[in-house]
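Chemist: This is the structure I want to talk about, given as structure tokens.
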Amino acid sequence: MENERATDRNTILQMQMERASYCLRFQSIPEKQGEDLKKIISELLAPMTGLKAEEIQSDLDMVYRTYPEFIKKNNLPGEVMARFSKRATRDLILRITNKKSLKLQDQEIKVFWRQKPPFMLLRDMEFDNWKQRFFSKLLLVLLLLLLLLTYNAGKKHSMNCPTEVDPLPLSHEFSQPGDLVIGGIVSQVYLVHETPSFEKQPSQMLMSEPLSETKNYQHILALAFAIKEMNKNPLFLPNITWGFHILNSYYNARMTNKAILSLLSSQQRFVPNYTCAVSKNPTAVIGGLDSETSVNMATIIANYKTPQNDGTQLSSLYQMVPKEAYQYMGVIRLLQHFSWKWIGLLAVDDDRGDRFLQTVVPLLSENDICFAFSLRLPKLSYLNDLTGSVLRQAELSLAIFEDKARGDSENVCTGDEKLETLPGILFEMSMTGHSYSVYTAVYAVAHALQVMYLSRSNHRRWFNGEEMVVQNVRPWQLHQFLRNITFNNSAGDTMHLNENGDLRAGFDVTNWVTFPNGSFIRIQVGIFDPWAPSGKELTIQDNKIIWHRTFNQVVPLSVCNEKCHPGYSRQKKEGEKFCCYECVPCPEGMISEKKDADMCVQCPQGHYPNQHQNKCVPKTTSFLSYKEALGVILATLAISFSLVTVLVLGTFVKYRNSPLVKANNRSLTYILLVSLFHCFLSSLLFIGQPGKVTCLLRHTVFAIVFSVAISSVLAKTMTVVLAFTSTKPGSRMRSLVGKKLAYSVVLSCSLVQVGICVLWLSTSPPFPDMDMLSMNEKIIVDCNEGSAVIFYCVLGYMGFLATVSFIVAFLARKLPDSFNEAKFITFSMLVFCSVWLSFIPTYLSTKGKFMVAVEIFSILVSGAGLLTCIFSPKCYIIVLRPELNNRGLLINKKE
């Protein structure tokens with residue numbers, strides 16, 4: 001029967017679970033009296049599913065509201081439970097509502113899949129309530145036990161302290177009792193071990209022999225001195241005495257751990273975690289000459305949350321020196337200051353050495369410093385070298401005091417010896433950097449306790465009977481006061497620890513001056529401030545630096561090769577470090593103004609490199625000026641030819657009625673001479689600094705007046721040809737002979753050139769221009785033609801007129817006439833064409849003022865050719881042979 005009932009129960013549960021798997025839970029649907037839940041659910045789901053409301057309503061098997069405990073407590077609408085007859089419908093609704101939210105009356109509706117039937121949910125809820133009551137009672141029991149333990153811990157322990165002394169006490173210990181004790185771990189003594197050679201008895205070997213590094217004794221004195229100052233200062237926690245407990249680390253991890261555990265035990269008893277008599281654990285611990293010692297200390301001290309002030313770069317501790325990254329940057333700035341770019345790297349062959357190289361090598365590369373070698377020193381070798389160094393120092397010390405000891409066989413230690421009698425190589429009387437960090441660390445702890453004391457306004461919290469709580473301060477209570485603390489030590493220096501426990505401070509740059517007897521002194525020659533503007537962190541007084549005597553007071557060089565001088569740039573050597581390079585001269589037109597330039601640069605516009613290519617010199621403007629010889633010569637020639645033309649014109653005007661003048665078309669002669677006069681004068685427009693007006697007039701005036709001159713020559717030639725042709729019987733040319741034809745030729749040919757010039761000026765006129773690229777050292781100031789096509793059209797048209805004139809004159813050269821000037825015109829046109837044909841290549845091959853001079857020279861030579869070839873024979877007859885200027889003589893000669 002029982003098995004049947006269990007089977008029935010399981011069947012019912014299985015059926016209920018199956019039915020529950022088709023259910024969905026809808027939260028936040030508002031309640032209304034007399035609500036139709038089937039209708040509400042179907043209308044809510046129809047728009048999103050794409051099904052009709054009637055289909056969804058027919059698919060709903062059961063819809064009802066439930067009121068779980070959290071809904072009753074928060075007075076929320078009851079959840080709507082909807083059971084679907086088809087699983088596909090339920091899956092569709094779940095899939096859609098997972099992507100899009102349902103909203104009803106601006107209220108977001110949440111949909112969940114109900115997996116359990118109502119009676120199972122009720123059972124789960126009852127189990128949760130039972131579990132909550134159980135844990136509440138358990139928590140109450142634990143709280144009572146904790147109160148009981150606290151009460152018993154407050155009572156004085158009745159167990160006696162162990163009477164056994166420390167079986168392995170540390171020999172080198174310094175202590176001073178006080179209400180507040182500061183612990184210290186120093187590295188002054190280390191144990192010398194001799195490596196077994198298996199060749200002699202172990203009793204004859206050095207096993208754990210202590211050897212003192214005298215200079216580190218100053219760290220102990222610095223801590224004791226700071227404690228002494230604070231005990232004398234009434235401003236630091238009055239009626240409270242300060243003490244210290246200092247032990248040695250022996251440069252050994254095992255002994256460092258032993259020293260830390262001894263600090264946490266009663267004196268002469270090695271019982272950590274146990275308070276005996278009046279001995280107390282230190283309020284803070286100062287120590288760690290190196291990072292390895294500090295890590296060994298922190299491994300134990302961190303469990304007690306005791307503040308540890310040290311000189312290392314561990315984020316969990318309070319660092320009493322600036323971060324190691326600042327040290328690296330200080331070294332790089334120092335190397336840059338002295339231009340030392342070729343260095344060597346030494347690193348211990350361990351994890352610290354790896355971190356050092358991983359950090360420093362990229363920094364060196366970023367600052368253009370490279371290393372010639374990187375040497376890894378074995379750790380054992382490093383310690384052996386350190387031991388050997390101290391032994392050599394001891395031997396040197398014995399040698400120094402040998403004379404004093406000689407002859408004094410009873411010289412023994414009396415205890416009255418003075419530290420200042422020791423040589424500086426063994427002990428320095430001035431405070432070293434590490435001692436200063438120890439001194440500052442003590443004051444940091446004292447100021448933190450002072451702030452802690454003054455921050456309490458309610459004195460009841462500071463008293464327990466008659467004993468002040470500050471005397472029983474727990475180490476972990478100091479942390480919030482050590483962070484972001486700022487104070488001034490007795491030396492007047494301002495110290496600040498940030499929120500991470502890092503000291504905000506800089507570095508002193510110290511010059512070690514050594515002497516032949518082995519002694520030395522320190523001279524501060526500068527400072528390094530990591531928070532100064534970039535590039536100004538390092539300040540050094542070079543005049544205070546005393547270099548080693550082998551350098552003859554000259555800054556030593558540390559480069560792979562000499563610096564490249566200005567005018568050269570660096571070129572990397574293949575297969576070598578980037579600090580090793582060759583110096584190559586700058587390319588033409590480029591300069592380098594500083595040493596070791598990475599690349600040469602172009603001079604700015606309007607400048608050019610000097611001869612050594614280390615400086616840019618402003619370019620001077622270049623144009624044909626009246627102040628230079630070439631300009632004066634060309635101007636003189638132009639004026640001279642103009643005066644000769646005027647003289648010839650005056651001669652022809654004076655003898656205008658003579659047969660020679662009248663026979664050669666007097667009007668055209670006047671036009672030709674006037675145009676030649678203007679041609680010579682137009683060349684003056686090309687001399688001087690170009691301006692807007694002169695650029696517009698230069699070529700246009702020259703082109704028009706030369707066209708008039710050539711047109712006049714052409715008209716004279718045509719007149720001669722037509723005159724002889726018209727004398728033939730039946731010739732029709734007789735009607736064309738006359739002044740009208742000559743004037744028409746001159747006017748029409750000139751107007752064509754005028755039209756070209758007008759087109760030129762209206763479309764792309766010439767303008768003043770400065771050419772900075774054609775010449776390296778000068779800026780050419782010249783007239784830009786504007787349109788080179790029209791410019792050459794102007795020259796081409798003049799060449800066309802000259803060619804036509806030359807052909808016509810050449811054909812008419814043998815006509816029988818005593819006054820026939822066709823021969824002279826032929827020769828003059830030959831000269832004219834030769835000049836302008838040679839002008840074009842010469843003009844294109846020259847630059848600057850010489851190009852302008854070529855154009856002026858062409859104008860003067862071509863004009864002078866016309867003037868000389870055409871008018872010199874006539875002037876010869878008119879002036880020197882006037883008897884030939886006779887009409888009768890010429891007619892007889894013709895006959």
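Identifiers in the structure tokens: chain A, B, ... in order shown; residue index from 1 per chain; ligand index from 1 in order shown.
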Extract, using only C-alpha atoms, all DNA, RNA and protein residues at most 8 Å from range 475-488 of chain A, discarding same-chain residues fewer than 3 positions from it, and format them as a PyMOL selection string.

Modeler: chain A and resi 282-284+304-307+444-445+447-449+451-452+491-501

Chemist: Export C-alpha atoms of the chosen residues as a JSON list (two decimals), in the first residue's frame?

Modeler:
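Everything below was put into selection.json:
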```
[["chain", "number", "residue", "atom", "x", "y", "z"],
["A", 282, "PRO", "CA", 56.98, 48.13, 17.81],
["A", 283, "THR", "CA", 54.60, 50.80, 16.60],
["A", 284, "ALA", "CA", 56.39, 50.91, 13.24],
["A", 304, "TYR", "CA", 50.46, 42.44, 11.79],
["A", 305, "LYS", "CA", 49.62, 45.45, 9.60],
["A", 306, "THR", "CA", 52.61, 47.21, 11.08],
["A", 307, "PRO", "CA", 53.71, 50.26, 9.03],
["A", 444, "ALA", "CA", 56.89, 60.51, 9.65],
["A", 445, "VAL", "CA", 55.75, 58.02, 12.31],
["A", 447, "HIS", "CA", 53.88, 63.20, 13.04],
["A", 448, "ALA", "CA", 51.29, 60.53, 12.20],
["A", 449, "LEU", "CA", 50.88, 59.76, 15.91],
["A", 451, "VAL", "CA", 47.93, 63.95, 14.08],
["A", 452, "MET", "CA", 46.18, 60.91, 15.49],
["A", 491, "ALA", "CA", 66.15, 70.12, 9.05],
["A", 492, "GLY", "CA", 63.36, 72.35, 7.69],
["A", 493, "ASP", "CA", 62.61, 70.14, 4.69],
["A", 494, "THR", "CA", 58.96, 69.60, 3.72],
["A", 495, "MET", "CA", 57.99, 65.96, 3.34],
["A", 496, "HIS", "CA", 54.81, 64.57, 1.84],
["A", 497, "LEU", "CA", 53.52, 61.00, 1.62],
["A", 498, "ASN", "CA", 50.70, 60.56, -0.90],
["A", 499, "GLU", "CA", 47.70, 58.26, -0.67],
["A", 500, "ASN", "CA", 49.81, 55.32, -1.89],
["A", 501, "GLY", "CA", 52.50, 55.83, 0.71]]
```

Chemist: Would you list, as a list of chain:residue names, the residues of range 324-359 of chain A that end up in strand (DSSP E) under DSSP run on this structure's backbone?

Modeler: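 Filtering range 324-359 of chain A to strand (DSSP E) leaves A:Trp342, A:Ile343, A:Gly344, A:Leu345, A:Leu346, A:Ala347, A:Val348.
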
Chemist: For the residues selected in the previous step, produce a file with N, CA and C atoms as an mmCIF file, in the first residue's frame.

Modeler:
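Output saved as out-v3.cif:
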```cif
data_model
loop_
_atom_site.group_PDB
_atom_site.id
_atom_site.type_symbol
_atom_site.label_atom_id
_atom_site.label_comp_id
_atom_site.auth_asym_id
_atom_site.auth_seq_id
_atom_site.Cartn_x
_atom_site.Cartn_y
_atom_site.Cartn_z
ATOM 1 N N TRP A 342 76.941 56.698 -24.929
ATOM 2 C CA TRP A 342 77.536 55.381 -25.165
ATOM 3 C C TRP A 342 77.949 54.838 -23.804
ATOM 4 N N ILE A 343 77.114 53.985 -23.219
ATOM 5 C CA ILE A 343 77.306 53.568 -21.843
ATOM 6 C C ILE A 343 77.302 52.041 -21.758
ATOM 7 N N GLY A 344 77.580 51.542 -20.572
ATOM 8 C CA GLY A 344 77.487 50.117 -20.293
ATOM 9 C C GLY A 344 76.493 49.863 -19.179
ATOM 10 N N LEU A 345 75.855 48.706 -19.180
ATOM 11 C CA LEU A 345 74.855 48.346 -18.175
ATOM 12 C C LEU A 345 75.361 47.155 -17.380
ATOM 13 N N LEU A 346 75.276 47.264 -16.054
ATOM 14 C CA LEU A 346 75.627 46.180 -15.147
ATOM 15 C C LEU A 346 74.391 45.842 -14.331
ATOM 16 N N ALA A 347 74.019 44.585 -14.272
ATOM 17 C CA ALA A 347 72.835 44.168 -13.531
ATOM 18 C C ALA A 347 73.106 42.810 -12.895
ATOM 19 N N VAL A 348 72.601 42.657 -11.675
ATOM 20 C CA VAL A 348 72.740 41.373 -10.994
ATOM 21 C C VAL A 348 71.887 40.342 -11.726
#
```

Chemist: I'd like a table as JSON lines: residues in range 769-862 of chain A with an atom no more than 9 Å from range 757-763 of chain A, each row giving the shortest atom pair and its distance in Å to one decimal, only C-alpha atoms counted, sorted by chain and rising residue number.

Modeler:
```
{"residue": "A:Gly786", "atom": "CA", "partner": "A:Trp760", "partner_atom": "CA", "distance": 8.5}
{"residue": "A:Ser787", "atom": "CA", "partner": "A:Trp760", "partner_atom": "CA", "distance": 7.4}
{"residue": "A:Ile790", "atom": "CA", "partner": "A:Trp760", "partner_atom": "CA", "distance": 6.2}
{"residue": "A:Phe791", "atom": "CA", "partner": "A:Trp760", "partner_atom": "CA", "distance": 7.9}
{"residue": "A:Val794", "atom": "CA", "partner": "A:Cys757", "partner_atom": "CA", "distance": 7.5}
```

Chemist: Pick the closest to Pro238 in chain A from A:Ala372, A:Leu454, A:Ser622, A:Leu668: which is it, counting only C-alpha atoms?

Modeler: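 Answer, going by the shortest atom-to-atom distance: A:Leu454.
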